[in-house]
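Enquirer: Handing you a structure now.
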There are 2 protein chains.
Amino acid sequence: MRQSELFIKTFKQDPKDEVFPGIKFLRRGGFVGKVGAGIYNYLPLGKRVLDKIEAIVRQGMKELGGVEILMPALQPSENWKKTGRWDGLDILYKIKSRAKQDFALGPTHEEIVVPLVKEFLSSYRDLPVYLYQIQTKFRDEPRARSGLVRAKEFIMKDLYSFHRDEKDMDDYYEKAGEVYKKIFTQIGLKTIQTKASGGTFSKFSDEFQAVSETGEDTVYFCKKCVLGINKEIFEGKCLECGDEKLDEFKTIEVGNIFKLKTKYSEAFDLKIKDADGSFKTVLMGCYGIGISRAMGAVAEIFNDKNGLLWPEGIAPFKFHLLNLSKNAKRAEKIYRDLQNSNIEVLYDDREEKSAGEKLVEADLLGLPYRLVTSDKLKEGEIELRKRGEKEVKIVLIEELLSKNF
Amino acid sequence: MRQSELFIKTFKQDPKDEVFPGIKFLRRGGFVGKVGAGIYNYLPLGKRVLDKIEAIVRQGMKELGGVEILMPALQPSENWKKTGRWDGLDILYKIKSRAKQDFALGPTHEEIVVPLVKEFLSSYRDLPVYLYQIQTKFRDEPRARSGLVRAKEFIMKDLYSFHRDEKDMDDYYEKAGEVYKKIFTQIGLKTIQTKASGGTFSKFSDEFQAVSETGEDTVYFCKKCVLGINKEIFEGKCLECGDEKLDEFKTIEVGNIFKLKTKYSEAFDLKIKDADGSFKTVLMGCYGIGISRAMGAVAEIFNDKNGLLWPEGIAPFKFHLLNLSKNAKRAEKIYRDLQNSNIEVLYDDREEKSAGEKLVEADLLGLPYRLVTSDKLKEGEIELRKRGEKEVKIVLIEELLSKNF
């Protein structure tokens with residue numbers, strides 16, 4: 001994509017209404033724009049990051065046998081009254097329609113997915129069922145100061161699983177944990193699988209926590225067991241080996257998995273007639289990944305004093321091509337060649353910007369590989385620098401175009 | 001995809017809470033589920049139809065130079081007060097947060113996109129700007145009885161264009177109209193480009209109206225001029241040739257384009273310094289396509305007494321493969337071969353269903369081509385029927401696998 005056709009501008013100054021470095025860089029780089037506290041516009045580069053994360057998550061859902069659906073944000077109050085969460089959940093946005101009907105603006109979808117499955121489930125033979133969506137959620141957050149990490153409106157992947165018995169639920173839960181680790185690795189995040197409160201229905205839930213100085217969570221990490229324990233349930237020692245010398249980290253929660261068991265299926269009387277003729281309440285699990293939050297977490301974790309450092313898996317473009325030569329002919333040809341080889345490249349073709357401005361802006365945007373054409377280079381050569389590294393290499397363009405680069 | 005892994009069930013009876021045939025079939029076929037009046041779940045097959053429509057629309061946006069962004073549904077009341085629509089728009093859902101902040105739930109995004117562009121626009125050289133999104137919108141509809149066609153929550157593509165002068169706006173508006181026609185043709189809808197009210201700021205807007213007996217709109221069509229006139233502005237004769245013998249049609253509006261001129265840019269004081277040093281208010285256009293409404297319109301228009309008839313461009317799958325043989329070996333092989341050739345196929349592999357049930361259900365789901373394996377056929381042969389046609393052909397499987405089928 002040509003930068004001249006990309007609708008963004010970068011800012012030299014930090015925005016005054018952000019606290020943390022990642023979101024400051026996202027704002028300065030024009031990845032997102034602020035509409036209000038905890039409410040953002042995703043601009044072209046930011047939207048591309050979201051798309052990349054979604055593609056990785058969809059692939060993971062496929063591995064888990066998940067089938068994609070889309071449920072509404074506007075949810076009748078009756079559903080929330082059935083589960084007792086209409087009055088119990090403080091972050092729930094409520095709306096009254098002209099016809100005096102009450103709606104919740106969904107922060108999660110148990111209240112929708114359970115009646116949905118109930119309508120379509122005929123027999124125990126239909127189980128297990130795995131339904132997921134990538135959808136916009138809402139939370140009435142009074143203190144939304146962490147950028148994309150704690151927003152009032154955000155994008156989530158939520159998967160719900162339905163099982164005939166506890167063993168089936170437990171096995172799927174294990175498998176989901178494994179796939180989650182893989183998903184976060186592909187996104188570029190190292191996460192600590194962390195035991196946390198299981199609510200009223202399970203002993204523990206599992207959170208996927210990414211270490212970040214700006215994180216709102218605190219996790220105690222046992223190196224021996226490769227296990228995290230959330231501060232909210234921490235009692236001074238590792239839950240597994242009993243070791244008391246654990247490392248303390250500030251973290252950002254980017255995913256969680258929960259055994260809901262029968263909490264929501266009971267509320268909606270979701271039962272199946274089992275093979276022996278008895279009626280059984282269906283068991284459930286739920287599995288969340290914060291898509292926009294993961295983008296925010298990556299920005300908080302991967303930055304230096306000059307800007308962002310996108311991991312290759314979710315960078316909006318792999319290459320940033322800068323023309324620093326008076327004559328754009330060379331850069332134009334490289335741009336065309338990269339495009340023709342289906343290699344993702346952002347091309348800074350702007351004539352009004354100086355070489356210095358382009359280089360500073362490239363560091364701010366933080367694409368993985370910077371390519372520079374200049375008059376010093378021989379035909380067929382280009383300057384390559386990996387973002388975050390000092391070394392500048394001269395490489396052959398044909399090498400770049402080879403699939404294995 | 002295997003039907004045994006697809007989470008749907010079909011229904012023999014019409015749902016009692018729907019009025020029109022298309023939405024009845026969408027419900028019976030398990031494309032969508034109802035959450036409340038005007039609020040739907042998109043189930044796996046329905047979600048695939050949405051994805052197909054979105055892909056066609058994105059291609060059209062690319063032709064128009066549109067850059068994709070994503071704006072929030074939660075919109076501060078201040079923005080709506082600036083344009084006078086906070087009190088003026090009856091379909092606007094309003095929310096009050098715990099901190100007593102007022103938000104609108106966006107039915108459209110002029111109130112967000114204009115301040116956004118204002119933040120990023122530095123010079124007349126940055127114009128024109130074309131930004132679009134595919135996003136969920138909300139309307140407080142007291143009489144939501146038309147299924148996906150008039151919903152409280154729906155998916156829209158909205159494009160906003162920003163121009164330096166009237167000519168540039170007019171030219172782009174023309175071009176958008178041409179691309180819109182192409183988009184609807186690819187979706188499978190024949191639309192009448194229809195003059196309608198231009199609001200307080202333009203003489204006319206252009207609507208794209210699809211003829212349907214179930215439509216809520218009325219359009220007068222001049223065959224000579226290939227022009228529609230919406231009943232709301234119709235004065236008994238063609239606007240162009242003056243002919244008074246026009247055909248009257250019931251229609252569903254699936255898209256509209258509007259010259260907003262300076263209505264919203266004035267409200268937010270969106271100006272640029274022009275080449276001659278003078279300050280000019282930026283001119284705007286907006287261009288909508290109802291994604292979920294287009295799905296609803298297709299369902300209303302393309303059906304027969306047995307079920308839906310999806311146009312090939314947006315069908316959830318091109319082929320529906322039914323195994324009617326006791327031995328599934330043959331069907332399994334064809335399924336694998338089609339999958340390996342990247343041909344989209346829904347495979348009815350369910351053992352518990354009779355041949356009759358499978359055939360009836362295939363008509364209800366309405367995929368374009370039905371493939372049937374049975375014991376009567378020779379090796380390498382398969383039965384093919386185009387949905388909506390009586391003729392059953394015997395074709396060679398290798399023919400099917402060829403790209404040109």
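Following the order of the structure tokens, first chain is A, next is B, and so on, with residues numbered from 1 inside each chain and ligands from 1 in the order they appear.
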Considering only C-alpha atoms, return as a list in words whatever protein or nucleic-acid residues lie within 9 Å of B:Lys263, sequence-local ones (same chain, fewer than 6 positions apart) excluded.
Expert: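 The neighbour list is Thr83, Thr200, Phe201, Leu283 and Met284 of chain B.
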Enquirer: Convert the current residue selection to file output with C-alpha atoms, as an mmCIF file, in the first residue's frame.
Expert:
```
data_model
loop_
_atom_site.group_PDB
_atom_site.id
_atom_site.type_symbol
_atom_site.label_atom_id
_atom_site.label_comp_id
_atom_site.auth_asym_id
_atom_site.auth_seq_id
_atom_site.Cartn_x
_atom_site.Cartn_y
_atom_site.Cartn_z
ATOM 1 C CA THR B 83 -25.320 18.068 14.599
ATOM 2 C CA THR B 200 -32.379 19.408 3.564
ATOM 3 C CA PHE B 201 -29.049 19.627 1.782
ATOM 4 C CA LEU B 283 -17.691 18.633 1.014
ATOM 5 C CA MET B 284 -18.901 15.150 1.839
#
```
Enquirer: If we count only C-alpha atoms and set the cut-off at 12 Å, which residues sit around A:Lys353, ignoring sequence neighbours fewer than 2 positions away in its own chain? Please answer as an mmCIF file with N, CA and C atoms, in the first residue's frame.
Expert:
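Done, and the output landed in around19.cif:
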```cif
data_model
loop_
_atom_site.group_PDB
_atom_site.id
_atom_site.type_symbol
_atom_site.label_atom_id
_atom_site.label_comp_id
_atom_site.auth_asym_id
_atom_site.auth_seq_id
_atom_site.Cartn_x
_atom_site.Cartn_y
_atom_site.Cartn_z
ATOM 1 N N GLN A 3 1.802 4.923 1.020
ATOM 2 C CA GLN A 3 1.520 5.756 2.179
ATOM 3 C C GLN A 3 0.779 7.031 1.779
ATOM 4 N N SER A 4 0.988 7.451 0.542
ATOM 5 C CA SER A 4 0.280 8.658 0.069
ATOM 6 C C SER A 4 -1.228 8.418 -0.024
ATOM 7 N N LYS A 9 -1.903 10.356 9.642
ATOM 8 C CA LYS A 9 -0.890 11.357 9.917
ATOM 9 C C LYS A 9 -0.288 10.887 11.227
ATOM 10 N N LEU A 322 11.044 2.673 2.055
ATOM 11 C CA LEU A 322 11.171 4.134 2.038
ATOM 12 C C LEU A 322 11.984 4.564 0.824
ATOM 13 N N ASN A 323 11.447 5.465 0.079
ATOM 14 C CA ASN A 323 12.235 6.039 -0.999
ATOM 15 C C ASN A 323 12.951 7.277 -0.480
ATOM 16 N N LEU A 324 14.284 7.181 -0.343
ATOM 17 C CA LEU A 324 15.036 8.356 0.129
ATOM 18 C C LEU A 324 15.811 9.010 -1.016
ATOM 19 N N SER A 325 15.519 8.522 -2.210
ATOM 20 C CA SER A 325 16.229 9.042 -3.370
ATOM 21 C C SER A 325 15.378 10.125 -4.037
ATOM 22 N N LYS A 326 16.038 11.048 -4.730
ATOM 23 C CA LYS A 326 15.293 12.082 -5.470
ATOM 24 C C LYS A 326 14.416 11.431 -6.537
ATOM 25 N N ASP A 348 6.482 4.155 1.471
ATOM 26 C CA ASP A 348 6.461 5.595 1.742
ATOM 27 C C ASP A 348 6.891 6.333 0.479
ATOM 28 N N ASP A 349 5.906 6.674 -0.315
ATOM 29 C CA ASP A 349 6.127 7.321 -1.619
ATOM 30 C C ASP A 349 5.903 8.830 -1.534
ATOM 31 N N ARG A 350 5.761 9.370 -0.349
ATOM 32 C CA ARG A 350 5.385 10.780 -0.212
ATOM 33 C C ARG A 350 6.545 11.700 -0.583
ATOM 34 N N GLU A 351 6.257 12.614 -1.474
ATOM 35 C CA GLU A 351 7.305 13.518 -1.958
ATOM 36 C C GLU A 351 7.562 14.669 -0.991
ATOM 37 N N ALA A 355 13.912 12.838 4.077
ATOM 38 C CA ALA A 355 14.450 11.526 4.455
ATOM 39 C C ALA A 355 14.396 11.366 5.967
ATOM 40 N N GLY A 356 14.766 12.394 6.690
ATOM 41 C CA GLY A 356 14.770 12.336 8.163
ATOM 42 C C GLY A 356 13.385 12.062 8.706
ATOM 43 N N GLU A 357 12.411 12.771 8.193
ATOM 44 C CA GLU A 357 11.025 12.568 8.655
ATOM 45 C C GLU A 357 10.565 11.137 8.380
ATOM 46 N N LYS A 358 10.899 10.632 7.207
ATOM 47 C CA LYS A 358 10.478 9.267 6.848
ATOM 48 C C LYS A 358 11.101 8.231 7.783
ATOM 49 N N LEU A 359 12.385 8.410 8.106
ATOM 50 C CA LEU A 359 13.063 7.442 8.969
ATOM 51 C C LEU A 359 12.497 7.457 10.391
ATOM 52 N N VAL A 360 12.235 8.658 10.902
ATOM 53 C CA VAL A 360 11.669 8.784 12.249
ATOM 54 C C VAL A 360 10.281 8.135 12.293
ATOM 55 N N GLU A 361 9.499 8.397 11.259
ATOM 56 C CA GLU A 361 8.149 7.859 11.210
ATOM 57 C C GLU A 361 8.168 6.333 11.062
#
```
Enquirer: Any idea which chain A residues end up within 7 Å of chain B if we count only C-alpha atoms, as a list in words please?
Expert: Ile8, Lys9, Ile39, Tyr40, Asn41, Tyr42, Leu43, Pro44, Lys47, Val67, Glu68, Ile69, Leu70, Met71, Pro72, Tyr93, Lys94, Ile95, Ser97, Arg98, Ala99, Phe120, Asp140 and Pro142 of chain A
Enquirer: Need to verify the contact set: B:Leu377, 9 Å, only C-alpha atoms, exclusion of same-chain residues closer than 5 positions in sequence. Can you return it as a list in words?
Expert: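 Residues near the query, excluding close chain neighbours: Ile382, Glu383 and Ile394 of chain B.
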Enquirer: Could you check which of B:Cys225, B:Leu309, B:Val392, B:Ile257 is closest to B:Phe25, using only C-alpha atoms?
Expert: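 So, comparing all the options, the nearest one is B:Leu309.
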Enquirer: Using only C-alpha atoms, which residues sit within 12 Å of B:Gly277 once same-chain residues fewer than 5 positions away are excluded, as a list in words?
Expert: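 These residues fall inside the cut-off: Ser123, Tyr124, Lys271 and Ile272 of chain B.
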Enquirer: Just to be explicit: take each residue in the selection above, keep C-alpha atoms, and write the result as a PDB file, in the first residue's frame.
Expert:
```
ATOM      1  CA  SER B 123      -4.025  20.324   3.901  1.00  0.00           C
ATOM      2  CA  TYR B 124      -6.159  20.365   0.774  1.00  0.00           C
ATOM      3  CA  LYS B 271     -12.235  23.228   6.905  1.00  0.00           C
ATOM      4  CA  ILE B 272      -9.133  23.177   4.791  1.00  0.00           C
TER       5      ILE B 272
END
```
Enquirer: Taking 2 positions as the minimum chain separation for residues in the same chain, which residues sit within 12 Å of A:Glu379 when counting only C-alpha atoms? Answer as number ranges by chain.
Expert: A: 329-331, 333-334, 373-377, 381-383, 394-398
Enquirer: So that I have them on file, write out the residues from the current selection with C-alpha atoms, as a tab-separated table (two decimals), in the first residue's frame.
Expert:
```tsv
chain	number	residue	atom	x	y	z
A	329	LYS	CA	11.95	5.07	-10.23
A	330	ARG	CA	13.95	2.47	-8.34
A	331	ALA	CA	11.61	2.36	-5.33
A	333	LYS	CA	10.03	-0.89	-9.34
A	334	ILE	CA	10.80	-2.62	-6.03
A	373	THR	CA	16.48	2.86	-1.55
A	374	SER	CA	19.13	5.49	-1.94
A	375	ASP	CA	21.44	6.76	-4.66
A	376	LYS	CA	24.46	5.14	-3.02
A	377	LEU	CA	23.26	1.61	-3.77
A	381	GLU	CA	20.56	-3.83	-4.11
A	382	ILE	CA	18.59	-2.48	-1.21
A	383	GLU	CA	19.24	-1.51	2.40
A	394	ILE	CA	22.75	-4.53	1.93
A	395	VAL	CA	20.67	-7.29	0.34
A	396	LEU	CA	19.81	-8.28	-3.19
A	397	ILE	CA	16.24	-7.55	-4.16
A	398	GLU	CA	15.87	-10.98	-5.73
```
Enquirer: If you run DSSP on this backbone, which residues of stretch 116-230 of chain B come out as helix (DSSP H, G or I), and could you give them as a VMD selection string?
Expert: chain B and resid 116 to 120 124 to 126 147 to 149 166 to 187
Enquirer: May I have the residues from that selection written out with N, CA and C atoms, as an mmCIF file, in the first residue's frame?
Expert:
```cif
data_model
loop_
_atom_site.group_PDB
_atom_site.id
_atom_site.type_symbol
_atom_site.label_atom_id
_atom_site.label_comp_id
_atom_site.auth_asym_id
_atom_site.auth_seq_id
_atom_site.Cartn_x
_atom_site.Cartn_y
_atom_site.Cartn_z
ATOM 1 N N LEU B 116 -13.075 12.631 13.276
ATOM 2 C CA LEU B 116 -11.898 11.802 12.984
ATOM 3 C C LEU B 116 -11.084 12.406 11.833
ATOM 4 N N VAL B 117 -11.768 12.728 10.750
ATOM 5 C CA VAL B 117 -11.066 13.292 9.593
ATOM 6 C C VAL B 117 -10.471 14.652 9.960
ATOM 7 N N LYS B 118 -11.192 15.398 10.761
ATOM 8 C CA LYS B 118 -10.692 16.714 11.176
ATOM 9 C C LYS B 118 -9.345 16.599 11.897
ATOM 10 N N GLU B 119 -9.199 15.545 12.706
ATOM 11 C CA GLU B 119 -7.958 15.378 13.452
ATOM 12 C C GLU B 119 -6.776 15.070 12.529
ATOM 13 N N PHE B 120 -7.068 14.416 11.398
ATOM 14 C CA PHE B 120 -5.970 13.926 10.566
ATOM 15 C C PHE B 120 -5.731 14.734 9.293
ATOM 16 N N TYR B 124 -5.305 20.736 1.914
ATOM 17 C CA TYR B 124 -6.159 20.365 0.774
ATOM 18 C C TYR B 124 -5.516 19.255 -0.048
ATOM 19 N N ARG B 125 -4.170 19.151 0.098
ATOM 20 C CA ARG B 125 -3.461 18.092 -0.653
ATOM 21 C C ARG B 125 -3.855 16.700 -0.167
ATOM 22 N N ASP B 126 -4.346 16.603 1.078
ATOM 23 C CA ASP B 126 -4.762 15.299 1.620
ATOM 24 C C ASP B 126 -6.097 14.836 1.038
ATOM 25 N N GLY B 147 -38.180 -9.056 9.335
ATOM 26 C CA GLY B 147 -37.007 -9.932 9.400
ATOM 27 C C GLY B 147 -35.720 -9.138 9.347
ATOM 28 N N LEU B 148 -34.796 -9.600 8.476
ATOM 29 C CA LEU B 148 -33.506 -8.919 8.383
ATOM 30 C C LEU B 148 -33.610 -7.588 7.654
ATOM 31 N N VAL B 149 -34.761 -7.329 7.024
ATOM 32 C CA VAL B 149 -34.884 -6.128 6.182
ATOM 33 C C VAL B 149 -35.053 -4.858 7.022
ATOM 34 N N GLU B 166 -17.112 20.864 -5.262
ATOM 35 C CA GLU B 166 -18.360 20.219 -5.649
ATOM 36 C C GLU B 166 -18.167 19.260 -6.825
ATOM 37 N N LYS B 167 -17.321 19.655 -7.776
ATOM 38 C CA LYS B 167 -17.119 18.801 -8.940
ATOM 39 C C LYS B 167 -16.528 17.445 -8.531
ATOM 40 N N ASP B 168 -15.542 17.515 -7.659
ATOM 41 C CA ASP B 168 -14.902 16.290 -7.191
ATOM 42 C C ASP B 168 -15.916 15.388 -6.485
ATOM 43 N N MET B 169 -16.773 16.001 -5.659
ATOM 44 C CA MET B 169 -17.822 15.241 -4.959
ATOM 45 C C MET B 169 -18.795 14.626 -5.971
ATOM 46 N N ASP B 170 -19.210 15.431 -6.935
ATOM 47 C CA ASP B 170 -20.176 14.955 -7.938
ATOM 48 C C ASP B 170 -19.613 13.796 -8.759
ATOM 49 N N ASP B 171 -18.356 13.921 -9.168
ATOM 50 C CA ASP B 171 -17.733 12.862 -9.972
ATOM 51 C C ASP B 171 -17.652 11.558 -9.183
ATOM 52 N N TYR B 172 -17.272 11.679 -7.921
ATOM 53 C CA TYR B 172 -17.132 10.475 -7.094
ATOM 54 C C TYR B 172 -18.495 9.833 -6.847
ATOM 55 N N TYR B 173 -19.487 10.668 -6.650
ATOM 56 C CA TYR B 173 -20.862 10.194 -6.442
ATOM 57 C C TYR B 173 -21.327 9.371 -7.651
ATOM 58 N N GLU B 174 -21.044 9.875 -8.839
ATOM 59 C CA GLU B 174 -21.370 9.143 -10.073
ATOM 60 C C GLU B 174 -20.695 7.777 -10.099
ATOM 61 N N LYS B 175 -19.402 7.810 -9.790
ATOM 62 C CA LYS B 175 -18.598 6.589 -9.826
ATOM 63 C C LYS B 175 -19.126 5.582 -8.789
ATOM 64 N N ALA B 176 -19.472 6.095 -7.612
ATOM 65 C CA ALA B 176 -19.998 5.224 -6.548
ATOM 66 C C ALA B 176 -21.278 4.537 -7.035
ATOM 67 N N GLY B 177 -22.134 5.289 -7.727
ATOM 68 C CA GLY B 177 -23.364 4.716 -8.266
ATOM 69 C C GLY B 177 -23.081 3.562 -9.219
ATOM 70 N N GLU B 178 -22.081 3.734 -10.086
ATOM 71 C CA GLU B 178 -21.715 2.673 -11.036
ATOM 72 C C GLU B 178 -21.224 1.428 -10.295
ATOM 73 N N VAL B 179 -20.347 1.646 -9.314
ATOM 74 C CA VAL B 179 -19.796 0.513 -8.556
ATOM 75 C C VAL B 179 -20.916 -0.177 -7.756
ATOM 76 N N TYR B 180 -21.840 0.615 -7.237
ATOM 77 C CA TYR B 180 -22.957 0.019 -6.488
ATOM 78 C C TYR B 180 -23.747 -0.951 -7.369
ATOM 79 N N LYS B 181 -24.039 -0.534 -8.600
ATOM 80 C CA LYS B 181 -24.795 -1.411 -9.508
ATOM 81 C C LYS B 181 -24.067 -2.741 -9.676
ATOM 82 N N LYS B 182 -22.739 -2.648 -9.851
ATOM 83 C CA LYS B 182 -21.927 -3.842 -10.042
ATOM 84 C C LYS B 182 -21.970 -4.737 -8.793
ATOM 85 N N ILE B 183 -21.854 -4.109 -7.627
ATOM 86 C CA ILE B 183 -21.884 -4.866 -6.363
ATOM 87 C C ILE B 183 -23.199 -5.648 -6.248
ATOM 88 N N PHE B 184 -24.318 -4.973 -6.503
ATOM 89 C CA PHE B 184 -25.608 -5.658 -6.334
ATOM 90 C C PHE B 184 -25.785 -6.765 -7.364
ATOM 91 N N THR B 185 -25.274 -6.530 -8.583
ATOM 92 C CA THR B 185 -25.328 -7.590 -9.586
ATOM 93 C C THR B 185 -24.551 -8.808 -9.111
ATOM 94 N N GLN B 186 -23.376 -8.571 -8.518
ATOM 95 C CA GLN B 186 -22.569 -9.700 -8.038
ATOM 96 C C GLN B 186 -23.254 -10.422 -6.875
ATOM 97 N N ILE B 187 -23.964 -9.659 -6.056
ATOM 98 C CA ILE B 187 -24.716 -10.277 -4.959
ATOM 99 C C ILE B 187 -25.859 -11.124 -5.521
#
```
Enquirer: Quick one: pull the distance between atom CA of B:Phe162 and atom CA of A:Arg336, Å, one decimal.
Expert: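 Result for atom CA of B:Phe162 versus atom CA of A:Arg336: 28.3 Å, one decimal.
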Enquirer: Leaving out B:Glu18 and any residue of its chain fewer than 5 positions from it, which residues lie within 9 Å of it when counting only C-alpha atoms, given as a PyMOL selection string?
Expert: chain B and resi 23-24+27+145-147
Enquirer: Would you compute the distance between atom CA of A:Met61 and atom CA of A:Met156? Give it in Å to one decimal.
Expert: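 Distance between the two atoms: 13.1 Å.
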Enquirer: Show which residues sit within 12 Å of B:Glu244, as a ChimeraX atom specification. Count only C-alpha atoms, and ignore same-chain residues fewer than 4 positions away.
Expert: /B:220-224,229,234-240,248
Enquirer: As an exercise, work out the distance from atom CA of B:Ser197 to atom CA of B:Asn230 in Å and give it to one decimal place.
Expert: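 One can read the atom CA of B:Ser197 to atom CA of B:Asn230 distance as 8.1 Å.
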Enquirer: What residues in stretch 26-220 of chain B get the DSSP label strand (DSSP E or B)? Please answer as JSON, numbers by chain.
Expert: {"B": [32, 33, 34, 35, 36, 39, 40, 41, 42, 67, 68, 70, 74, 75, 76, 93, 94, 95, 96, 102, 103, 104, 105, 129, 130, 131, 132, 133, 134, 135, 136, 137, 138, 153, 154, 155, 156, 157, 158, 159, 160, 161, 162, 163, 191, 192, 193, 194, 195, 196, 197, 204, 205, 206, 207, 208, 209, 210, 211, 217, 218, 219, 220]}
Enquirer: Between B:Ile291, B:Ala275, B:Ile314, B:Leu401, single out the one closest to B:Ile343, counting only C-alpha atoms.
Expert: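 That would be B:Leu401, the residue with the smallest distance to B:Ile343.
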